[in-house]
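**Q** Enclosed is the structure file upload17.cif (mmCIF, C-alpha atoms).
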```cif
data_input
loop_
_atom_site.label_atom_id
_atom_site.label_comp_id
_atom_site.auth_asym_id
_atom_site.auth_seq_id
_atom_site.Cartn_x
_atom_site.Cartn_y
_atom_site.Cartn_z
CA MET A 513 0.00 0.00 0.00
CA PHE A 514 2.83 2.39 0.81
CA GLY A 515 4.33 1.74 -2.64
CA TYR A 516 1.02 2.76 -4.21
CA TYR A 517 0.97 6.06 -2.31
CA LEU A 518 4.63 6.65 -3.11
CA ASN A 519 3.97 6.12 -6.81
CA LEU A 520 1.13 8.68 -6.65
CA ALA A 521 3.48 11.13 -4.90
CA LEU A 522 6.18 10.77 -7.56
CA ARG A 523 3.64 11.30 -10.35
CA SER A 524 2.42 14.43 -8.56
CA PHE A 525 5.98 15.72 -8.29
CA ARG A 526 6.53 15.32 -12.03
CA ARG A 527 3.40 17.33 -12.74
CA ASN A 528 4.46 20.16 -10.40
CA ARG A 529 8.24 20.27 -10.68
CA VAL A 530 8.70 23.95 -9.79
CA LEU A 531 6.42 23.80 -6.75
CA THR A 532 8.07 20.59 -5.58
CA ALA A 533 11.54 22.11 -5.99
CA LEU A 534 10.52 25.13 -3.92
CA MET A 535 9.26 22.90 -1.09
CA VAL A 536 12.40 20.75 -1.12
CA LEU A 537 14.58 23.86 -1.10
CA ALA A 538 12.62 25.41 1.80
CA ILE A 539 13.01 22.25 3.91
CA ALA A 540 16.69 21.88 2.93
CA LEU A 541 17.59 25.46 3.88
CA GLY A 542 15.88 25.16 7.26
CA ILE A 543 17.42 21.75 7.98
CA GLY A 544 20.89 22.79 6.81
CA ALA A 545 20.96 25.92 8.99
CA SER A 546 19.51 24.25 12.09
CA MET A 547 21.68 21.12 11.90
CA THR A 548 24.86 23.16 11.44
CA THR A 549 24.25 25.18 14.59
CA LEU A 550 22.81 22.22 16.51
CA THR A 551 25.92 20.15 15.74
CA VAL A 552 28.24 22.91 16.95
CA PHE A 553 26.13 23.38 20.09
CA HIS A 554 26.09 19.60 20.72
CA VAL A 555 29.88 19.43 20.49
CA LEU A 556 30.45 22.40 22.77
CA SER A 557 27.88 21.54 25.44
CA GLY A 558 28.49 17.79 25.70
CA ASP A 559 29.53 15.97 28.87
CA PRO A 560 33.30 15.38 28.56
CA ILE A 561 33.33 12.45 31.02
CA PRO A 562 29.72 11.20 31.30
CA GLN A 563 30.56 8.01 33.22
CA LYS A 564 31.59 9.96 36.32
CA SER A 565 30.97 13.68 35.80
CA ASP A 566 28.60 13.71 38.80
CA ARG A 567 31.41 12.43 41.08
CA LEU A 568 34.18 14.80 39.96
CA PHE A 569 34.19 18.15 41.74
CA TYR A 570 36.12 21.38 41.34
CA VAL A 571 37.22 22.99 44.62
CA GLN A 572 37.20 26.73 45.40
CA LEU A 573 38.31 28.50 48.58
CA ASP A 574 38.40 32.18 49.57
CA PRO A 575 41.85 33.09 50.96
CA GLU A 576 41.66 36.84 50.32
CA THR A 577 41.94 39.66 52.84
CA ARG A 578 38.97 41.34 54.46
CA ASP A 579 39.33 44.36 52.17
CA GLY A 580 36.37 44.65 49.80
CA TYR A 581 34.64 41.61 51.27
CA LYS A 582 30.99 41.09 50.27
CA PRO A 583 29.15 38.15 51.88
CA GLY A 584 28.15 35.49 49.36
CA GLU A 585 30.36 36.71 46.52
CA GLU A 586 32.12 34.17 44.36
CA PRO A 587 35.56 33.06 45.66
CA GLN A 588 38.71 32.75 43.58
CA ASP A 589 38.58 30.26 40.70
CA GLN A 590 41.90 28.68 41.71
CA LEU A 591 43.79 27.79 44.89
CA THR A 592 47.06 28.92 46.37
CA ARG A 593 49.95 26.47 46.32
CA PHE A 594 49.81 26.16 50.12
CA ASP A 595 46.11 25.23 50.20
CA ALA A 596 46.36 22.81 47.26
CA GLN A 597 49.29 21.01 48.86
CA GLU A 598 47.57 20.85 52.25
CA LEU A 599 44.31 19.47 50.83
CA LEU A 600 46.32 16.96 48.83
CA ARG A 601 48.22 15.90 51.94
CA GLN A 602 45.04 15.41 53.98
CA LYS A 603 43.49 13.14 51.29
CA LYS A 604 39.86 13.48 52.36
CA ALA A 605 38.49 12.38 48.97
CA LYS A 606 38.70 9.09 47.10
CA ARG A 607 41.14 10.77 44.72
CA GLN A 608 42.50 14.32 44.46
CA ALA A 609 44.75 16.15 42.04
CA MET A 610 46.36 19.58 41.94
CA MET A 611 47.50 20.87 38.59
CA THR A 612 48.45 23.75 36.34
CA GLY A 613 49.43 24.25 32.73
CA GLY A 614 53.02 24.59 31.63
CA GLY A 615 55.37 24.73 28.71
CA GLY A 616 58.99 24.29 27.78
CA VAL A 617 61.42 23.74 24.94
CA LEU A 618 62.11 20.14 24.00
CA GLU A 619 65.60 19.39 22.75
CA PRO A 620 65.36 16.20 20.63
CA GLU A 621 68.37 13.92 20.79
CA GLY A 622 69.50 11.58 18.04
CA THR A 623 67.04 12.99 15.47
CA LYS A 624 67.05 15.66 12.82
CA LEU A 625 64.28 17.54 14.60
CA LYS A 626 65.03 21.03 15.80
CA PRO A 627 64.09 22.13 19.34
CA PHE A 628 60.41 23.02 19.64
CA VAL A 629 57.98 24.31 22.26
CA LEU A 630 55.87 21.79 24.20
CA SER A 631 52.49 22.16 25.85
CA MET A 632 52.74 20.51 29.29
CA ARG A 633 50.64 19.69 32.36
CA TYR A 634 52.02 19.63 35.87
CA THR A 635 49.86 17.50 38.15
CA SER A 636 49.80 14.79 40.80
CA ALA A 637 49.51 11.02 40.48
CA ASP A 638 45.72 10.71 40.89
CA PHE A 639 45.15 12.76 37.75
CA PHE A 640 45.29 9.72 35.47
CA PRO A 641 42.90 7.34 37.26
CA MET A 642 40.62 10.22 38.27
CA PHE A 643 40.01 11.30 34.68
CA GLU A 644 40.34 7.75 33.29
CA VAL A 645 43.18 8.71 30.98
CA PRO A 646 43.93 5.77 28.61
CA PHE A 647 47.49 4.44 28.34
CA LEU A 648 49.04 2.94 25.21
CA ARG A 649 52.29 1.91 26.88
CA GLY A 650 53.82 2.05 30.33
CA ARG A 651 52.05 3.47 33.38
CA PRO A 652 51.43 6.72 35.26
CA TRP A 653 53.85 7.80 37.98
CA THR A 654 53.02 7.05 41.61
CA GLY A 655 52.37 9.06 44.77
CA ALA A 656 55.91 8.18 45.85
CA ASP A 657 57.19 9.84 42.67
CA ASP A 658 55.26 12.98 43.65
CA GLU A 659 56.79 13.03 47.11
CA GLY A 660 60.28 12.23 45.82
CA ARG A 661 60.11 14.85 43.04
CA ALA A 662 61.03 12.12 40.58
CA ARG A 663 62.19 13.32 37.19
CA VAL A 664 59.64 11.29 35.23
CA ALA A 665 57.15 12.13 32.52
CA VAL A 666 54.17 10.75 30.64
CA ILE A 667 53.92 11.76 27.00
CA SER A 668 51.17 11.80 24.41
CA ARG A 669 50.94 9.23 21.65
CA GLU A 670 51.51 11.89 19.00
CA LEU A 671 54.72 13.12 20.62
CA GLY A 672 55.99 9.56 21.02
CA GLU A 673 55.48 8.85 17.32
CA LYS A 674 57.05 12.17 16.38
CA LEU A 675 60.20 11.53 18.41
CA PHE A 676 60.62 7.75 18.31
CA GLY A 677 58.50 6.48 15.43
CA SER A 678 57.16 2.98 16.10
CA ALA A 679 59.72 2.26 18.84
CA ASP A 680 58.63 2.02 22.49
CA PRO A 681 59.51 5.33 24.23
CA VAL A 682 59.13 3.94 27.77
CA GLY A 683 62.44 4.16 29.61
CA ARG A 684 63.93 6.72 27.25
CA GLU A 685 64.61 10.35 28.12
CA LEU A 686 63.23 13.74 27.19
CA ARG A 687 65.28 16.87 27.63
CA VAL A 688 63.05 19.84 28.46
CA ASP A 689 64.65 23.21 29.18
CA GLY A 690 67.92 21.37 29.75
CA ASN A 691 66.42 18.90 32.26
CA ALA A 692 66.35 15.15 31.62
CA LEU A 693 63.00 13.42 32.28
CA ARG A 694 62.55 9.65 32.07
CA ILE A 695 59.44 8.52 30.16
CA VAL A 696 57.35 6.10 32.22
CA GLY A 697 54.18 6.04 30.12
CA VAL A 698 52.61 6.90 26.77
CA LEU A 699 48.98 7.98 26.54
CA ASP A 700 46.60 6.66 23.97
CA THR A 701 44.50 9.22 22.07
CA TRP A 702 42.71 11.36 24.68
CA LYS A 703 41.11 14.69 23.90
CA PRO A 704 38.27 15.52 26.32
CA THR A 705 35.91 18.11 24.87
CA PRO A 706 35.79 20.65 26.33
CA HIS A 707 39.12 20.83 28.17
CA PHE A 708 37.13 20.86 31.41
CA TYR A 709 39.84 20.27 34.02
CA ASP A 710 41.67 23.51 33.16
CA LEU A 711 39.67 26.16 31.33
CA ASN A 712 42.44 28.73 31.76
CA THR A 713 44.81 27.21 29.19
CA GLY A 714 42.22 26.59 26.47
CA ARG A 715 38.65 25.36 26.38
CA TYR A 716 38.64 23.26 23.22
CA ASP A 717 41.95 23.22 21.39
CA ASN A 718 44.53 22.53 24.09
CA ASP A 719 46.48 19.31 23.39
CA GLU A 720 49.02 18.63 26.12
CA GLU A 721 52.06 16.65 25.03
CA VAL A 722 53.93 16.02 28.28
CA TYR A 723 52.72 15.40 31.85
CA VAL A 724 55.14 15.94 34.74
CA PRO A 725 54.73 15.67 38.54
CA ILE A 726 53.93 19.16 39.78
CA SER A 727 56.48 18.78 42.58
CA THR A 728 59.15 18.08 39.96
CA ALA A 729 58.07 21.00 37.78
CA LEU A 730 58.28 23.37 40.74
CA ASP A 731 61.65 21.96 41.76
CA LEU A 732 63.05 22.43 38.23
CA LYS A 733 61.27 25.80 37.81
CA LEU A 734 59.75 24.77 34.50
CA GLY A 735 57.72 27.36 32.62
CA ARG A 736 54.10 27.86 33.68
CA ASN A 737 50.99 28.70 31.59
CA GLY A 738 47.60 29.89 32.74
CA SER A 739 46.13 32.67 34.84
CA MET A 740 47.35 33.85 38.23
CA ASN A 741 45.79 36.25 40.72
CA CYS A 742 47.81 37.71 43.59
CA TYR A 743 46.09 39.51 46.46
CA GLY A 744 46.80 40.97 49.88
CA ARG A 745 49.46 43.24 51.25
CA THR A 746 52.52 40.99 50.89
CA VAL A 747 54.84 41.56 47.95
CA THR A 748 56.77 38.54 46.67
CA ASN A 749 59.40 38.14 43.96
CA ASP A 750 58.28 34.59 43.15
CA PRO A 751 54.47 34.14 43.11
CA THR A 752 54.82 30.34 42.84
CA VAL A 753 56.46 29.81 46.25
CA GLU A 754 54.39 28.01 48.86
CA THR A 755 53.76 31.07 51.02
CA ALA A 756 52.88 33.47 48.20
CA PRO A 757 49.35 34.97 48.40
CA CYS A 758 48.60 34.01 44.80
CA THR A 759 45.98 31.67 43.35
CA TRP A 760 47.09 29.72 40.28
CA ILE A 761 46.44 26.00 40.87
CA GLN A 762 43.36 24.00 39.87
CA TYR A 763 42.19 21.37 42.34
CA TRP A 764 39.83 18.47 41.52
CA VAL A 765 38.52 15.68 43.72
CA GLU A 766 36.74 12.43 42.97
CA LEU A 767 34.20 11.31 45.56
CA ALA A 768 32.87 7.79 46.03
CA SER A 769 29.36 9.00 45.18
CA ALA A 770 27.61 12.23 44.29
CA GLY A 771 25.91 12.11 47.70
CA ASP A 772 29.27 12.61 49.45
CA ALA A 773 29.48 16.18 48.16
CA ALA A 774 27.73 17.69 51.19
CA ALA A 775 30.16 16.04 53.62
CA TYR A 776 33.17 17.16 51.59
CA LYS A 777 31.75 20.69 51.43
CA ARG A 778 31.56 20.71 55.23
CA TYR A 779 35.19 19.58 55.33
CA LEU A 780 36.17 22.54 53.11
CA ASP A 781 34.24 24.93 55.37
CA ASN A 782 36.01 23.53 58.43
CA TYR A 783 39.38 23.80 56.68
CA SER A 784 38.68 27.46 55.85
CA GLU A 785 37.77 28.22 59.44
CA GLN A 786 40.94 26.50 60.64
CA GLN A 787 43.02 28.66 58.31
CA ARG A 788 41.19 31.73 59.52
CA SER A 789 41.95 30.80 63.13
CA ALA A 790 45.60 30.38 62.14
CA GLY A 791 45.62 33.89 60.64
CA ARG A 792 46.00 32.92 56.98
CA PHE A 793 42.37 33.55 55.94
CA GLU A 794 40.58 36.73 56.97
CA ARG A 795 37.14 36.05 55.56
CA PRO A 796 34.47 33.65 56.88
CA ALA A 797 34.30 30.25 55.15
CA ASN A 798 33.27 30.83 51.54
CA THR A 799 33.77 27.64 49.57
CA ARG A 800 32.33 26.14 46.40
CA LEU A 801 32.14 22.55 45.20
CA ARG A 802 30.79 22.06 41.69
CA ASN A 803 30.69 18.88 39.61
CA VAL A 804 31.89 18.83 36.01
CA MET A 805 28.71 20.00 34.29
CA GLU A 806 27.97 22.59 36.99
CA TRP A 807 31.49 23.96 36.58
CA LEU A 808 31.14 24.19 32.80
CA GLU A 809 27.79 25.93 33.19
CA PHE A 810 29.19 28.37 35.76
CA ARG A 811 32.13 29.24 33.53
CA GLN A 812 29.78 29.65 30.54
CA VAL A 813 31.94 27.42 28.38
CA VAL A 814 29.46 27.44 25.49
CA PRO A 815 30.02 30.79 23.70
CA GLY A 816 27.02 33.12 23.83
CA ASP A 817 27.04 33.63 20.08
CA VAL A 818 26.58 29.88 19.54
CA ARG A 819 23.44 29.86 21.72
CA LEU A 820 22.08 32.86 19.81
CA GLN A 821 22.82 31.23 16.46
CA LEU A 822 20.99 28.08 17.60
CA TRP A 823 17.82 30.01 18.37
CA LEU A 824 18.07 31.98 15.13
CA ALA A 825 18.57 28.79 13.10
CA PHE A 826 15.50 27.10 14.57
CA GLY A 827 13.54 30.29 14.03
CA PHE A 828 14.61 30.15 10.39
CA LEU A 829 13.51 26.48 10.25
CA LEU A 830 10.09 27.52 11.57
CA VAL A 831 9.80 30.16 8.83
CA CYS A 832 10.75 27.54 6.23
CA LEU A 833 8.09 25.17 7.60
CA LEU A 834 5.43 27.87 7.41
CA ASN A 835 6.39 28.49 3.79
CA THR A 836 6.21 24.76 3.12
CA VAL A 837 2.73 24.63 4.70
CA GLY A 838 1.59 27.37 2.32
CA LEU A 839 3.07 25.63 -0.72
CA LEU A 840 1.56 22.25 0.21
CA LEU A 841 -1.80 23.87 0.87
CA ALA A 842 -1.72 25.56 -2.52
CA LYS A 843 -0.69 22.32 -4.22
CA PHE A 844 -3.36 20.15 -2.59
CA LEU A 845 -6.15 22.67 -3.11
CA ARG A 846 -5.30 22.82 -6.81
CA ARG A 847 -5.94 19.07 -6.88
CA SER A 848 -9.36 19.32 -5.22
CA SER A 849 -11.08 17.88 -8.27
CA GLU A 850 -8.74 14.86 -8.25
CA PHE A 851 -9.42 14.18 -4.59
CA GLY A 852 -13.17 14.67 -5.10
CA VAL A 853 -13.27 12.13 -7.91
CA ARG A 854 -11.29 9.64 -5.83
CA ARG A 855 -13.69 10.13 -2.93
CA ALA A 856 -16.65 9.57 -5.25
CA LEU A 857 -15.07 6.37 -6.53
CA GLY A 858 -14.82 5.00 -3.00
CA ALA A 859 -11.59 6.32 -1.52
CA SER A 860 -11.90 7.10 2.19
CA ARG A 861 -10.88 10.32 3.86
CA ARG A 862 -8.12 8.34 5.56
CA ALA A 863 -6.73 7.26 2.19
CA ILE A 864 -6.61 10.87 0.95
CA PHE A 865 -5.00 11.99 4.20
CA THR A 866 -2.38 9.22 3.99
CA GLN A 867 -1.60 10.02 0.36
CA CYS A 868 -0.96 13.68 1.18
CA LEU A 869 1.24 12.81 4.16
CA VAL A 870 3.30 10.42 2.03
CA GLU A 871 3.84 13.25 -0.45
CA ALA A 872 4.89 15.58 2.39
CA GLY A 873 7.22 12.93 3.84
CA THR A 874 8.84 12.35 0.45
CA VAL A 875 9.44 16.07 0.13
CA GLY A 876 11.03 15.94 3.58
CA LEU A 877 13.31 13.05 2.59
CA ALA A 878 14.51 14.92 -0.48
CA GLY A 879 14.90 18.09 1.59
CA GLY A 880 16.86 16.10 4.19
CA LEU A 881 19.33 14.85 1.60
CA LEU A 882 19.86 18.34 0.25
CA GLY A 883 19.89 19.77 3.81
CA LEU A 884 22.59 17.26 4.79
CA GLY A 885 24.78 18.57 2.00
CA LEU A 886 24.13 22.15 3.13
CA ALA A 887 24.91 21.19 6.75
CA LEU A 888 28.22 19.61 5.72
CA LEU A 889 29.02 22.74 3.75
CA GLY A 890 28.11 24.89 6.75
CA LEU A 891 30.30 22.83 9.09
CA TRP A 892 33.17 23.12 6.63
CA GLY A 893 32.73 26.89 6.85
CA VAL A 894 32.72 26.70 10.67
CA ARG A 895 36.02 24.79 10.60
CA GLN A 896 37.61 27.64 8.65
CA ARG A 897 36.88 30.09 11.47
CA PRO A 898 39.66 31.06 13.91
CA ALA A 899 37.54 30.14 16.97
CA GLU A 900 39.21 27.50 19.17
CA TYR A 901 36.22 25.16 18.92
CA ALA A 902 35.91 25.34 15.14
CA GLN A 903 37.90 22.18 14.31
CA LEU A 904 35.61 20.06 16.49
CA ALA A 905 32.50 20.64 14.38
CA HIS A 906 31.55 17.49 12.49
CA LEU A 907 28.48 15.33 11.85
CA ASP A 908 28.67 12.00 13.67
CA GLY A 909 26.34 9.06 13.08
CA GLY A 910 23.81 10.20 15.65
CA MET A 911 23.58 13.70 14.20
CA LEU A 912 23.27 12.21 10.71
CA LEU A 913 20.21 10.18 11.73
CA LEU A 914 18.81 13.21 13.53
CA THR A 915 19.12 15.23 10.32
CA PHE A 916 16.87 12.86 8.39
CA ALA A 917 14.47 12.40 11.30
CA LEU A 918 14.13 16.17 11.68
CA ALA A 919 13.64 16.66 7.94
CA ILE A 920 10.93 14.01 7.59
CA GLY A 921 9.27 14.96 10.89
CA ALA A 922 9.23 18.64 9.95
CA SER A 923 7.73 17.94 6.53
CA LEU A 924 5.04 15.65 8.00
CA LEU A 925 4.21 18.36 10.53
CA ALA A 926 4.00 20.89 7.72
CA GLY A 927 1.73 18.53 5.76
CA LEU A 928 -0.84 17.95 8.51
CA LEU A 929 -3.01 21.02 7.83
CA PRO A 930 -2.91 20.73 4.01
CA ALA A 931 -3.68 16.97 4.22
CA TRP A 932 -6.58 17.63 6.59
CA ARG A 933 -7.98 20.27 4.21
CA ALA A 934 -7.56 17.93 1.24
CA MET A 935 -9.41 15.02 2.83
CA ARG A 936 -12.39 17.27 3.61
CA VAL A 937 -12.98 18.20 -0.03
CA PRO A 938 -16.71 17.38 -0.70
CA PRO A 939 -16.87 14.89 -3.60
CA ALA A 940 -20.35 15.92 -4.76
CA LEU A 941 -19.31 19.54 -5.33
CA GLN A 942 -16.27 18.47 -7.33
CA LEU A 943 -18.32 16.09 -9.49
CA LYS A 944 -20.84 18.82 -10.21
CA SER A 945 -18.11 21.20 -11.30
CA GLN A 946 -16.72 18.49 -13.58
#
```
As structure tokens, what does this structure read like?
**A**
Amino acid sequence: MFGYYLNLALRSFRRNRVLTALMVLAIALGIGASMTTLTVFHVLSGDPIPQKSDRLFYVQLDPETRDGYKPGEEPQDQLTRFDAQELLRQKKAKRQAMMTGGGGVLEPEGTKLKPFVLSMRYTSADFFPMFEVPFLRGRPWTGADDEGRARVAVISRELGEKLFGSADPVGRELRVDGNALRIVGVLDTWKPTPHFYDLNTGRYDNDEEVYVPISTALDLKLGRNGSMNCYGRTVTNDPTVETAPCTWIQYWVELASAGDAAAYKRYLDNYSEQQRSAGRFERPANTRLRNVMEWLEFRQVVPGDVRLQLWLAFGFLLVCLLNTVGLLLAKFLRRSSEFGVRRALGASRRAIFTQCLVEAGTVGLAGGLLGLGLALLGLWGVRQRPAEYAQLAHLDGGMLLLTFALAIGASLLAGLLPAWRAMRVPPALQLKSQ
């Protein structure tokens, strides 16, 4: 039966080629625009670690002086070195990691490569199991390596292939800023999107090549990247020393369950009050504990222009649907005599309604195919933009299926009113006019 209705639809299209082309183009333009912006929004707003994002929490404390204090205001985004090290030492969470971005010059040995600048991450041992970082070879360093300031490193797969080809890099050395680091592990491909654990060194395009214990990086005085905020009345020549009143370290914890957040928050409040009693903090306890998605929402990781473009694109799709409704209505009303004769010959209202919906759905399928091409073209244009998220825009399998579902669903929705009007054509009136 469906084949019969489809054959009628194709014959109708051949009789009204221009009108059919206009409807297909209207659907395609709306689908192409909406799917381009929806794909970009989907990439930017996705959960970077869905299996445990509700158990990973970002820690904030308020170590500033009393000057300018306003109750309830947001504390510093990052921690001081002293506080990060103390929280790490107390180990009140299942896992905890302090970290910051860094960089240095790699001096390749035994190759024709010239020295080049590396993007690095200085962190503690729990970083790798906490964020479920995959390893291709070797292993992460241990807590003992952190305490011993071991000169070890974990490198990315891409850097390993660049320096050593297909050979196993584990056990070999890197020379960064004149310091030798022994490679203990090689990561497999790992690019969380967005770069949620440190939004200060890049939200979407930051690919770190070397990971080093933060204690080692501080001992060797390796170069640091990222933001820093110093406060208070003390002036220091080195803002990275333990006693410096400067916030520049990110601190993440993994809890056994999301329900443990309240207890850990109380621990942070108690810690703040202890530091205030000791004279380090001057303000009452003002802490924050946000999970991954709450932290991304708070930091407004999705650019505002992307949200605006999404609403504009779906508004444009609505306009295209309204135009399609008008075109379908005009097309079906022009065929009133045909529908009247069919009704007089025994066709039911349901049959007429189904025939019109099949025609609308076929228009949607054709519009979806053309809209897919327009969406791919639009995403290619997005990837040419200088924005840091641009290279991430692509249609995956799920978005591909959604494109066709949206196209067919939109066309069926647009065809409901015209199909309803067509099935209510009185057959007697049409026969009389004939």
**Q** Could you tell me which residues the PyMOL selection byres ((chain A and resi 721) around 12) returns for this structure, as a PyMOL selection string?
**A** chain A and resi 613-618+628-634+665-675+686+688+697-703+718-720+722-724
**Q** Kindly resolve the PyMOL selection byres ((chain A and resi 740) around 10) on the present coordinates and return the residues as a list of chain:residue names.
**A**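 This file gives the following for the PyMOL selection byres ((chain A and resi 740) around 10): A:Asp589, A:Gln590, A:Leu591, A:Thr592, A:Asn712, A:Asn737, A:Gly738, A:Ser739, A:Asn741, A:Cys742, A:Pro751, A:Thr752, A:Cys758, A:Thr759, A:Trp760, A:Ile761.
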**Q** Counting all atoms listed in the file, what is within 8 Å of Leu767 in chain A, bar same-chain residues fewer than 3 positions away, as a list in words?
**A**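 In the requested format, the answer is Arg567, Leu568, Phe569, Ala605, Lys606, Arg607, Ala770, Asp772 and Ala773 of chain A.
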**Q** Please indicate the distance in Å from CA of Phe828 in chain A to CA of Ile543 in chain A, rounded to one decimal place.
**A**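 If I compute the distance from CA of Phe828 in chain A to CA of Ile543 in chain A, I get 9.2 Å.
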**Q** Find the residues around Phe639 in chain A up to 8 Å (all atoms listed in the file counted), leave out those fewer than 3 positions away in its own chain, and share them as a ChimeraX atom specification.
**A** /A:608-609,635-636,642-643
**Q** Residues at most 7 Å from range 595-598 of chain A, counting all atoms listed in the file, excluding those fewer than 4 positions away in the same chain, as a PyMOL selection string?
**A** chain A and resi 591+602+610+763
**Q** With all atoms listed in the file as the counted atoms, please give the residues lying no more than 7 Å from Arg687 in chain A, apart from itself and same-chain residues fewer than 3 positions off, as a compact mmCIF listing (two decimals) with C-alpha atoms, in the coordinates of the input.
**A**
```txt
# COMPACT_ATOMS: atom_id res chain seq x y z
CA LEU A 618 62.11 20.14 24.00
CA GLU A 619 65.60 19.39 22.75
CA GLY A 690 67.92 21.37 29.75
CA ASN A 691 66.42 18.90 32.26
CA ALA A 692 66.35 15.15 31.62
CA LEU A 693 63.00 13.42 32.28
```
**Q** Between CA of Glu585 in chain A and CA of Ala775 in chain A, what is the distance in Å, rounded to a tenth?
**A**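 Answer for the CA of Glu585 in chain A to CA of Ala775 in chain A separation: 21.9 Å.
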**Q** Could you give me, as a tab-separated table, every range 529-622 of chain A residue with an atom at most 9 Å from range 785-792 of chain A, plus its closest atom pair and distance in Å to one decimal, counting all atoms listed in the file, rows ordered by chain then number?
**A**
```
residue	atom	partner	partner_atom	distance
A:Pro575	CA	A:Arg792	CA	7.3
A:Glu576	CA	A:Arg792	CA	8.9
A:Thr577	CA	A:Arg792	CA	8.9
```
**Q** Would you save the residues of that selection, restricted to C-alpha atoms, as a PDB file, keeping the file's coordinate frame?
**A**
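And here is the file that came out, result.pdb:
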```
ATOM      1  CA  PRO A 575      41.850  33.090  50.960  1.00  0.00           C
ATOM      2  CA  GLU A 576      41.660  36.840  50.320  1.00  0.00           C
ATOM      3  CA  THR A 577      41.940  39.660  52.840  1.00  0.00           C
TER       4      THR A 577
END
```
**Q** Under the PyMOL selection byres ((chain A and resi 533-536) around 9), which residues of this model are included? Write them out as a list of chain:residue names.
**A**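 On the file shown, the PyMOL selection byres ((chain A and resi 533-536) around 9) covers A:Phe525, A:Asn528, A:Arg529, A:Val530, A:Leu531, A:Thr532, A:Leu537, A:Ala538, A:Ile539, A:Ala540, A:Leu541, A:Cys832, A:Asn835, A:Thr836, A:Val837, A:Leu839, A:Leu840, A:Val875, A:Gly876, A:Leu877, A:Ala878, A:Gly879, A:Gly880, A:Leu882.
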**Q** As an exercise, work out the distance from CA of Leu822 in chain A to CA of Thr549 in chain A in Å and give it to one decimal place.
**A**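 Between CA of Leu822 in chain A and CA of Thr549 in chain A the gap works out to 5.3 Å.
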